[in-house]
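Student: For reference, the file my_file-v4.cif (mmCIF, C-alpha atoms) is included below:
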```
data_model
loop_
_atom_site.label_atom_id
_atom_site.label_comp_id
_atom_site.auth_asym_id
_atom_site.auth_seq_id
_atom_site.Cartn_x
_atom_site.Cartn_y
_atom_site.Cartn_z
CA MET Z 159 81.60 17.65 156.16
CA LEU Z 160 78.96 20.17 157.06
CA GLN Z 161 81.27 21.64 159.66
CA ALA Z 162 84.05 21.89 157.15
CA ASN Z 163 81.68 23.64 154.75
CA ASP Z 164 80.65 26.03 157.49
CA ASP Z 165 84.29 26.79 158.27
CA THR Z 166 84.94 27.47 154.61
CA GLU Z 167 82.03 29.83 154.41
CA ASN Z 168 83.15 31.57 157.59
CA ASP Z 169 86.68 31.96 156.21
CA HIS Z 170 85.28 33.36 152.98
CA ASN Z 171 83.13 35.83 154.86
CA ALA Z 172 86.05 36.81 157.03
CA LYS Z 173 88.26 37.50 154.01
CA THR Z 174 85.69 39.43 152.03
CA PRO Z 175 86.02 42.72 153.97
CA LEU Z 176 89.80 42.60 153.49
CA VAL Z 177 89.32 42.25 149.76
CA ARG Z 178 86.93 45.19 149.79
CA ARG Z 179 89.40 47.32 151.75
CA ARG Z 180 92.13 46.50 149.28
CA THR Z 181 89.82 47.38 146.41
CA LYS Z 182 89.02 50.75 147.93
CA LYS Z 183 92.69 51.44 148.48
CA THR Z 184 93.48 50.45 144.93
CA GLU Z 185 90.74 52.72 143.65
CA TYR Z 186 92.12 55.56 145.79
CA VAL Z 187 95.62 55.03 144.42
CA GLU Z 188 94.29 54.91 140.88
CA ASP Z 189 92.29 58.10 141.41
CA ASP Z 190 95.32 59.84 142.87
CA THR Z 191 97.47 58.68 139.96
CA MET Z 192 94.88 59.89 137.47
CA LYS Z 193 94.77 63.31 139.16
CA ARG Z 194 98.55 63.58 139.04
CA MET Z 195 98.59 62.61 135.37
CA LYS Z 196 95.89 65.16 134.60
CA ASN Z 197 97.84 67.84 136.46
CA MET Z 198 101.00 66.94 134.55
CA ASP Z 199 99.10 67.08 131.27
CA ARG Z 200 97.64 70.42 132.30
CA PHE Z 201 101.12 71.78 133.09
CA ARG Z 202 102.48 70.43 129.81
CA THR Z 203 99.61 72.02 127.91
CA ALA Z 204 100.07 75.34 129.69
CA GLY Z 205 103.82 75.27 129.08
CA HIS Z 206 103.31 74.45 125.41
CA CYS Z 207 100.76 77.26 125.14
CA PHE Z 208 103.17 79.74 126.71
CA LEU Z 209 105.93 78.61 124.36
CA GLN Z 210 103.66 79.04 121.35
CA LYS Z 211 102.74 82.57 122.34
CA PHE Z 212 106.35 83.44 123.17
CA LEU Z 213 107.58 82.27 119.79
CA ALA Z 214 104.72 83.94 117.92
CA GLU Z 215 105.32 87.29 119.61
CA ALA Z 216 109.06 87.00 119.07
CA LEU Z 217 108.71 86.28 115.35
CA GLY Z 218 105.99 88.89 114.85
CA THR Z 219 107.98 91.61 116.63
CA PHE Z 220 111.10 90.55 114.76
CA THR Z 221 109.27 91.13 111.49
CA LEU Z 222 107.84 94.45 112.65
CA VAL Z 223 111.22 95.87 113.66
CA LEU Z 224 113.16 94.37 110.76
CA LEU Z 225 110.86 95.83 108.11
CA GLY Z 226 110.06 99.04 110.03
CA ASP Z 227 113.61 99.97 110.93
CA GLY Z 228 114.62 98.71 107.50
CA ALA Z 229 112.47 101.45 106.00
CA VAL Z 230 114.22 103.97 108.24
CA ALA Z 231 117.64 102.64 107.24
CA GLN Z 232 116.87 102.83 103.55
CA VAL Z 233 115.73 106.45 103.79
CA VAL Z 234 118.61 107.60 106.00
CA LEU Z 235 121.43 105.70 104.32
CA GLY Z 236 120.14 105.83 100.76
CA ASN Z 237 119.57 109.56 100.72
CA ALA Z 238 122.90 110.29 102.45
CA ALA Z 239 124.81 108.11 100.00
CA ARG Z 240 123.07 109.50 96.90
CA HIS Z 241 122.89 113.11 98.12
CA ASP Z 242 119.25 113.33 97.04
CA GLN Z 243 115.75 112.24 98.08
CA PHE Z 244 115.48 109.20 95.81
CA PHE Z 245 114.54 106.94 98.74
CA GLY Z 246 111.89 109.33 100.02
CA GLY Z 247 111.38 110.74 103.45
CA PHE Z 248 109.22 110.39 106.53
CA LEU Z 249 106.19 109.33 104.47
CA ASN Z 250 108.11 106.24 103.35
CA ILE Z 251 108.99 105.46 106.96
CA SER Z 252 105.40 105.89 108.11
CA VAL Z 253 103.98 103.65 105.40
CA GLY Z 254 106.81 101.17 105.88
CA TYR Z 255 106.13 100.82 109.58
CA GLY Z 256 102.40 100.47 109.00
CA LEU Z 257 102.95 97.67 106.49
CA ALA Z 258 105.51 96.07 108.80
CA LEU Z 259 102.93 95.95 111.59
CA MET Z 260 100.41 94.44 109.19
CA VAL Z 261 102.81 91.63 108.27
CA GLY Z 262 103.76 91.04 111.91
CA ILE Z 263 100.12 90.69 112.92
CA CYS Z 264 99.48 88.29 110.05
CA ILE Z 265 102.35 86.12 111.27
CA SER Z 266 101.42 86.00 114.95
CA GLY Z 267 97.78 87.09 115.24
CA GLY Z 268 96.23 83.63 115.05
CA VAL Z 269 98.44 82.29 117.85
CA SER Z 270 99.05 85.14 120.30
CA GLY Z 271 96.79 87.91 119.08
CA GLY Z 272 99.66 89.78 117.46
CA HIS Z 273 100.34 92.33 120.20
CA LEU Z 274 103.99 92.97 119.19
CA ASN Z 275 104.06 95.79 121.72
CA PRO Z 276 104.49 95.58 125.52
CA ALA Z 277 102.12 98.53 125.99
CA VAL Z 278 99.39 96.69 124.08
CA THR Z 279 99.98 93.54 126.13
CA LEU Z 280 99.70 95.44 129.41
CA ALA Z 281 96.51 97.18 128.27
CA MET Z 282 94.93 93.86 127.28
CA ALA Z 283 95.81 92.41 130.67
CA VAL Z 284 94.23 95.40 132.44
CA LEU Z 285 91.05 94.91 130.40
CA GLY Z 286 90.95 91.23 131.32
CA LYS Z 287 91.58 90.06 127.76
CA LEU Z 288 94.87 88.44 128.77
CA LYS Z 289 95.85 86.51 131.88
CA PRO Z 290 98.41 88.41 134.00
CA VAL Z 291 100.67 85.34 134.12
CA GLN Z 292 101.04 85.59 130.34
CA VAL Z 293 102.28 89.17 130.35
CA PRO Z 294 105.97 88.33 131.08
CA VAL Z 295 105.86 85.66 128.37
CA TYR Z 296 104.61 88.17 125.80
CA TRP Z 297 107.10 90.81 126.90
CA ALA Z 298 110.03 88.41 126.72
CA GLY Z 299 109.15 87.43 123.16
CA GLN Z 300 108.66 91.04 122.08
CA TYR Z 301 111.94 92.35 123.49
CA LEU Z 302 113.89 89.37 122.17
CA GLY Z 303 112.37 89.62 118.70
CA ALA Z 304 113.08 93.35 118.50
CA PHE Z 305 116.70 92.90 119.61
CA LEU Z 306 117.37 90.14 117.09
CA ALA Z 307 115.79 92.18 114.32
CA ALA Z 308 118.02 95.16 115.11
CA ALA Z 309 121.09 92.92 115.09
CA VAL Z 310 120.14 91.42 111.71
CA LEU Z 311 119.44 94.89 110.29
CA TRP Z 312 122.81 96.14 111.53
CA GLY Z 313 124.51 93.26 109.74
CA GLU Z 314 122.48 93.88 106.59
CA TYR Z 315 123.42 97.57 106.36
CA ALA Z 316 126.84 97.49 108.07
CA ASP Z 317 128.74 98.48 104.92
CA ALA Z 318 126.29 101.24 104.03
CA ILE Z 319 126.43 102.61 107.58
CA LYS Z 320 130.24 102.81 107.47
CA MET Z 321 130.09 104.46 104.05
CA VAL Z 322 127.64 107.11 105.23
CA GLU Z 323 129.67 107.78 108.38
CA VAL Z 324 132.73 108.46 106.19
CA ILE Z 325 130.71 110.67 103.82
CA ILE Z 326 129.49 112.81 106.71
CA SER Z 327 132.83 112.84 108.53
CA PRO Z 328 135.78 111.83 106.32
CA THR Z 329 138.07 111.57 109.32
CA ASN Z 330 135.79 109.04 111.03
CA THR Z 331 136.78 105.50 110.15
CA SER Z 332 136.08 103.57 113.33
CA THR Z 333 133.11 104.90 115.30
CA TYR Z 334 129.36 105.25 114.86
CA THR Z 335 127.83 108.69 115.38
CA THR Z 336 124.44 110.34 115.74
CA ALA Z 337 124.22 110.48 111.97
CA THR Z 338 123.05 106.86 111.82
CA GLN Z 339 121.86 105.96 115.32
CA GLY Z 340 118.33 107.12 114.46
CA ILE Z 341 117.96 103.98 112.35
CA PHE Z 342 117.49 101.91 115.48
CA ALA Z 343 115.75 104.13 118.04
CA SER Z 344 113.78 107.36 118.30
CA TYR Z 345 115.18 110.73 119.40
CA PRO Z 346 113.55 114.14 119.87
CA PHE Z 347 113.96 116.56 117.00
CA PHE Z 348 113.83 119.83 118.90
CA GLU Z 349 115.90 121.28 121.70
CA THR Z 350 114.31 120.87 125.13
CA LYS Z 351 114.22 124.64 125.55
CA GLN Z 352 111.71 124.63 122.71
CA VAL Z 353 109.93 121.32 123.38
CA THR Z 354 110.11 120.24 127.00
CA LEU Z 355 110.43 116.74 128.40
CA LEU Z 356 106.83 117.01 129.59
CA THR Z 357 105.70 117.58 126.01
CA LEU Z 358 107.77 114.63 124.84
CA ALA Z 359 106.25 112.45 127.55
CA MET Z 360 102.73 113.52 126.61
CA ASP Z 361 103.58 112.81 122.98
CA GLN Z 362 104.40 109.17 123.72
CA MET Z 363 101.33 108.67 125.89
CA LEU Z 364 99.00 110.28 123.35
CA GLY Z 365 100.35 108.26 120.44
CA THR Z 366 100.09 104.98 122.32
CA ALA Z 367 96.59 105.81 123.56
CA MET Z 368 95.51 106.41 119.98
CA LEU Z 369 97.05 103.08 118.96
CA LEU Z 370 95.00 101.26 121.59
CA LEU Z 371 91.84 103.06 120.51
CA ILE Z 372 92.47 101.87 116.97
CA ILE Z 373 93.22 98.28 117.99
CA LEU Z 374 90.23 97.94 120.31
CA SER Z 375 87.79 99.51 117.86
CA VAL Z 376 88.99 97.35 114.98
CA THR Z 377 88.80 94.11 116.98
CA ASP Z 378 85.51 94.93 118.75
CA GLU Z 379 82.84 92.61 117.32
CA LYS Z 380 80.12 94.81 118.80
CA ASN Z 381 81.34 97.87 116.94
CA MET Z 382 82.06 97.99 113.18
CA LYS Z 383 82.38 94.21 112.75
CA ILE Z 384 85.48 94.42 110.60
CA GLN Z 385 86.37 91.08 109.03
CA SER Z 386 89.33 89.31 110.59
CA SER Z 387 91.19 89.31 107.29
CA MET Z 388 91.06 93.12 107.24
CA VAL Z 389 92.19 93.62 110.84
CA PRO Z 390 95.99 93.56 110.20
CA LEU Z 391 95.77 96.06 107.33
CA THR Z 392 93.45 98.37 109.26
CA ILE Z 393 95.67 98.42 112.36
CA GLY Z 394 98.73 98.93 110.16
CA LEU Z 395 97.12 101.92 108.47
CA GLY Z 396 96.23 103.23 111.91
CA LEU Z 397 99.90 103.11 112.90
CA THR Z 398 100.80 104.94 109.70
CA ALA Z 399 98.28 107.66 110.57
CA ILE Z 400 99.83 108.05 114.03
CA HIS Z 401 103.31 108.37 112.54
CA LEU Z 402 102.12 110.97 110.05
CA SER Z 403 100.48 112.98 112.83
CA PHE Z 404 102.82 112.61 115.81
CA GLY Z 405 106.26 111.91 114.39
CA LEU Z 406 107.75 115.38 114.79
CA ASN Z 407 108.41 115.81 118.51
CA ALA Z 408 109.82 112.44 119.56
CA GLY Z 409 109.82 110.16 116.53
CA SER Z 410 106.56 108.35 117.40
CA ALA Z 411 108.06 105.18 118.86
CA ILE Z 412 104.93 104.25 120.93
CA ASN Z 413 106.34 100.75 121.38
CA PRO Z 414 108.77 100.02 124.24
CA ALA Z 415 110.19 96.87 122.66
CA ARG Z 416 110.62 98.47 119.23
CA ASP Z 417 112.57 101.34 120.81
CA PHE Z 418 114.48 99.91 123.78
CA SER Z 419 115.81 96.66 122.30
CA PRO Z 420 117.29 98.25 119.15
CA ARG Z 421 118.63 101.07 121.33
CA MET Z 422 120.39 98.49 123.49
CA MET Z 423 121.74 96.78 120.39
CA SER Z 424 123.11 100.06 119.07
CA TYR Z 425 124.78 100.64 122.45
CA LEU Z 426 126.44 97.24 122.34
CA ALA Z 427 127.46 97.80 118.72
CA GLY Z 428 129.32 100.98 119.62
CA TRP Z 429 127.09 103.95 118.87
CA GLU Z 430 127.77 107.11 120.86
CA GLU Z 431 125.41 107.60 123.79
CA PRO Z 432 122.25 106.06 122.33
CA PHE Z 433 120.47 106.53 125.66
CA LYS Z 434 120.69 110.30 125.32
CA ALA Z 435 118.80 112.43 122.86
CA LYS Z 436 120.66 113.96 119.99
CA CYS Z 437 119.62 114.99 116.52
CA ALA Z 438 119.42 111.89 114.35
CA HIS Z 439 119.24 113.69 110.99
CA PRO Z 440 122.30 112.59 108.99
CA ARG Z 441 123.03 115.89 107.31
CA ALA Z 442 121.62 118.58 109.59
CA LEU Z 443 123.41 120.76 112.05
CA CYS Z 444 122.07 119.17 115.19
CA PRO Z 445 120.57 121.75 117.57
CA VAL Z 446 119.53 119.18 120.15
CA GLN Z 447 121.56 119.08 123.32
CA ALA Z 448 122.10 115.81 125.15
CA ILE Z 449 119.19 114.89 127.40
CA ASP Z 450 120.30 112.59 130.16
CA LEU Z 451 118.21 109.45 130.48
CA TRP Z 452 116.00 110.28 127.52
CA PHE Z 453 115.46 106.57 126.81
CA TRP Z 454 112.94 106.12 129.64
CA ILE Z 455 110.35 108.31 127.90
CA PRO Z 456 109.69 106.02 124.89
CA TRP Z 457 110.33 102.98 127.10
CA VAL Z 458 108.05 103.60 130.10
CA LEU Z 459 105.38 106.11 129.13
CA PRO Z 460 103.79 104.12 126.29
CA HIS Z 461 102.61 101.66 128.97
CA VAL Z 462 100.77 104.51 130.67
CA GLY Z 463 99.31 105.77 127.42
CA GLY Z 464 98.19 102.30 126.40
CA VAL Z 465 96.29 101.72 129.63
CA LEU Z 466 94.71 105.18 129.42
CA GLY Z 467 93.64 104.61 125.82
CA ALA Z 468 92.19 101.19 126.63
CA GLY Z 469 90.33 102.59 129.62
CA LEU Z 470 88.98 105.47 127.54
CA TYR Z 471 87.61 103.11 124.90
CA TRP Z 472 86.01 100.90 127.53
CA VAL Z 473 84.35 103.82 129.32
CA MET Z 474 83.16 105.72 126.27
CA VAL Z 475 82.36 102.91 123.83
CA ASP Z 476 82.65 99.31 124.99
CA MET Z 477 80.56 99.46 128.13
CA HIS Z 478 77.66 101.09 126.23
CA THR Z 479 77.50 98.85 123.17
CA GLY Z 480 75.33 96.28 124.95
CA GLU Z 481 72.69 98.93 125.65
CA GLN Z 482 72.03 99.65 121.98
#
```
Now that the file is in, can you turn its structure into structure tokens?
Tutor:
Amino acid sequence: MLQANDDTENDHNAKTPLVRRRTKKTEYVEDDTMKRMKNMDRFRTAGHCFLQKFLAEALGTFTLVLLGDGAVAQVVLGNAARHDQFFGGFLNISVGYGLALMVGICISGGVSGGHLNPAVTLAMAVLGKLKPVQVPVYWAGQYLGAFLAAAVLWGEYADAIKMVEVIISPTNTSTYTTATQGIFASYPFFETKQVTLLTLAMDQMLGTAMLLLIILSVTDEKNMKIQSSMVPLTIGLGLTAIHLSFGLNAGSAINPARDFSPRMMSYLAGWEEPFKAKCAHPRALCPVQAIDLWFWIPWVLPHVGGVLGAGLYWVMVDMHTGEQ
């Protein structure tokens, strides 16, 4: 009996290490499973976050372009159809675009920051305010939103556009001309012999740099401490000021998505050479000669101007505010 008890105890002792080894293995498997589940949750959260920002930027930019270009369409088409200035002029467009930006920021600002402009997104990434991996997500939403807005606006004013085209050229019943293409994209007003491409390039960089100075100063909590509810209106008024000051040479696009996507839409819709610069005034004798590959100026150079403006604010203001 004692021997049997001893054997039992020996067997129990012999099995105990095996049980411990199995327990450690089980714990290892459980830990590995938990890590995988956490990684999957992290990927799901990141993907959901990217989707949120993509959708917010798309809807915000859609609103910006729909209302902004809508103001342009109303001025161009309304005045041409009525043969007067009942619908105003460039002041209406400037205020309209400023208010459009305000509404777009209100829609998307709480989710994505309300960039609505690829140049702004790039500048924020350079300053470290946005992760580089998020830049393509923001850009995709901005370009898509701008394109859809241009398509909707084209459908909204399709009849008016055809009517104005016939008023300007009674023999034209099937094609779109330079008389109405300025609704969707910007074009230089002067001939390049008078205002060179270099001046037009500097115009786009200067305007975008000023936009970034406005945005960074308004959102800087160490500066004027503007309330968050006033930020959209203040930035919108800043855009209006830029339009009123720098709209003559090149139309003051200062937003690659707002200019390129509607320009592409107008190309697909059948407008004549929207990637070249021609006078967009509906009733003027157009002195502007075609400028090959004009579209790259309001598409590429605002990125440069945005980064320069952001760097200027950081060097001259932001990096010194902590010393006060």
Student: Record the distance separating atom CA of Z:Phe418 and atom CA of Z:Gln210, expressed in Å with one decimal.
Tutor: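 Interatomic distance, atom CA of Z:Phe418 to atom CA of Z:Gln210: 23.6 Å.
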Student: I need every residue sitting at most 10 Å from the point (131.8, 112.1, 100.2) (coordinates as in the file, only C-alpha atoms considered), written as JSON, numbers by chain.
Tutor: {"Z": [238, 239, 240, 241, 321, 322, 323, 324, 325, 326, 327, 328]}
Student: Rounded to one decimal, what separation in Å do you get between atom CA of Z:Gly340 and atom CA of Z:Ala318?
Tutor: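 The value is 14.4 Å.
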Student: What does the PyMOL selection byres ((chain Z and resi 226) around 9) select in this file, as a PyMOL selection string?
Tutor: chain Z and resi 221-225+227-231+251-259
Student: Taking a cut-off of 10 Å and counting only C-alpha atoms, can you build a table that, for each residue of stretch 359-385 of chain Z near stretch 404-408 of chain Z, reports the nearest atom pair and how far apart they are in Å (one decimal), sorted by chain then residue number, as a tab-separated table?
Tutor:
```
residue	atom	partner	partner_atom	distance
Z:Ala359	CA	Z:Ala408	CA	8.8
Z:Asp361	CA	Z:Ala408	CA	7.1
Z:Gln362	CA	Z:Ala408	CA	7.6
Z:Leu364	CA	Z:Phe404	CA	8.8
Z:Gly365	CA	Z:Phe404	CA	6.8
```
Student: How far is it from atom CA of Z:Phe453 to atom CA of Z:Lys434, in Å with one decimal?
Tutor: 6.6 Å
Student: Using all atoms listed in the file, which residues sit within 10 Å of Z:Leu306 once same-chain residues fewer than 4 positions away are excluded, as a VMD selection string?
Tutor: chain Z and resid 216 to 217 219 to 221 223 to 224 301 to 302 310 to 312 419 to 420 423
Student: Just the selected residues (C-alpha atoms), exported as an mmCIF file, keeping the file's coordinate frame, please.
Tutor:
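So the final result, stored in selection_18.cif, reads:
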```cif
data_model
loop_
_atom_site.group_PDB
_atom_site.id
_atom_site.type_symbol
_atom_site.label_atom_id
_atom_site.label_comp_id
_atom_site.auth_asym_id
_atom_site.auth_seq_id
_atom_site.Cartn_x
_atom_site.Cartn_y
_atom_site.Cartn_z
ATOM 1 C CA ALA Z 216 109.060 87.000 119.070
ATOM 2 C CA LEU Z 217 108.710 86.280 115.350
ATOM 3 C CA THR Z 219 107.980 91.610 116.630
ATOM 4 C CA PHE Z 220 111.100 90.550 114.760
ATOM 5 C CA THR Z 221 109.270 91.130 111.490
ATOM 6 C CA VAL Z 223 111.220 95.870 113.660
ATOM 7 C CA LEU Z 224 113.160 94.370 110.760
ATOM 8 C CA TYR Z 301 111.940 92.350 123.490
ATOM 9 C CA LEU Z 302 113.890 89.370 122.170
ATOM 10 C CA VAL Z 310 120.140 91.420 111.710
ATOM 11 C CA LEU Z 311 119.440 94.890 110.290
ATOM 12 C CA TRP Z 312 122.810 96.140 111.530
ATOM 13 C CA SER Z 419 115.810 96.660 122.300
ATOM 14 C CA PRO Z 420 117.290 98.250 119.150
ATOM 15 C CA MET Z 423 121.740 96.780 120.390
#
```
Student: Run the PyMOL selection byres ((chain Z and resi 344) around 7) mentally over the shown coordinates, then write out the matched residues as an MDAnalysis selection string, using the chain letters and numbers from the document.
Tutor: chainID Z and resid 340 343 345:346 408:409 411 417
Student: Apply the PyMOL selection byres ((chain Z and resi 394) around 7) to the file shown and report the selected residues as a JSON list (two decimals) with C-alpha atoms, keeping the file's coordinate frame.
Tutor:
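Result file is selection.json:
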```json
[["chain", "number", "residue", "atom", "x", "y", "z"],
["Z", 256, "GLY", "CA", 102.40, 100.47, 109.00],
["Z", 257, "LEU", "CA", 102.95, 97.67, 106.49],
["Z", 259, "LEU", "CA", 102.93, 95.95, 111.59],
["Z", 260, "MET", "CA", 100.41, 94.44, 109.19],
["Z", 390, "PRO", "CA", 95.99, 93.56, 110.20],
["Z", 391, "LEU", "CA", 95.77, 96.06, 107.33],
["Z", 392, "THR", "CA", 93.45, 98.37, 109.26],
["Z", 393, "ILE", "CA", 95.67, 98.42, 112.36],
["Z", 395, "LEU", "CA", 97.12, 101.92, 108.47],
["Z", 396, "GLY", "CA", 96.23, 103.23, 111.91],
["Z", 397, "LEU", "CA", 99.90, 103.11, 112.90],
["Z", 398, "THR", "CA", 100.80, 104.94, 109.70]]
```
Student: Tell me, as a PyMOL selection string, which residues lie within 10 Å of Z:Trp472, counting all atoms listed in the file; anything in the same chain fewer than 6 positions away does not count.
Tutor: chain Z and resi 285+371+374-375+466+478-479
Student: Given the choices Z:Trp454, Z:Phe342, Z:Tyr471, Z:Tyr334, which gets closest to Z:Ala367 if the distance is worked out from all atoms listed in the file?
Tutor: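 Comparing Z:Trp454, Z:Phe342, Z:Tyr471, Z:Tyr334 against Z:Ala367, the winner is Z:Tyr471.
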Student: Name the residues within 12 Å of (93.6, 94.3, 131.4), counting only C-alpha atoms in the file's coordinates, and put them as a ChimeraX atom specification.
Tutor: /Z:277-293,461,464-469,472
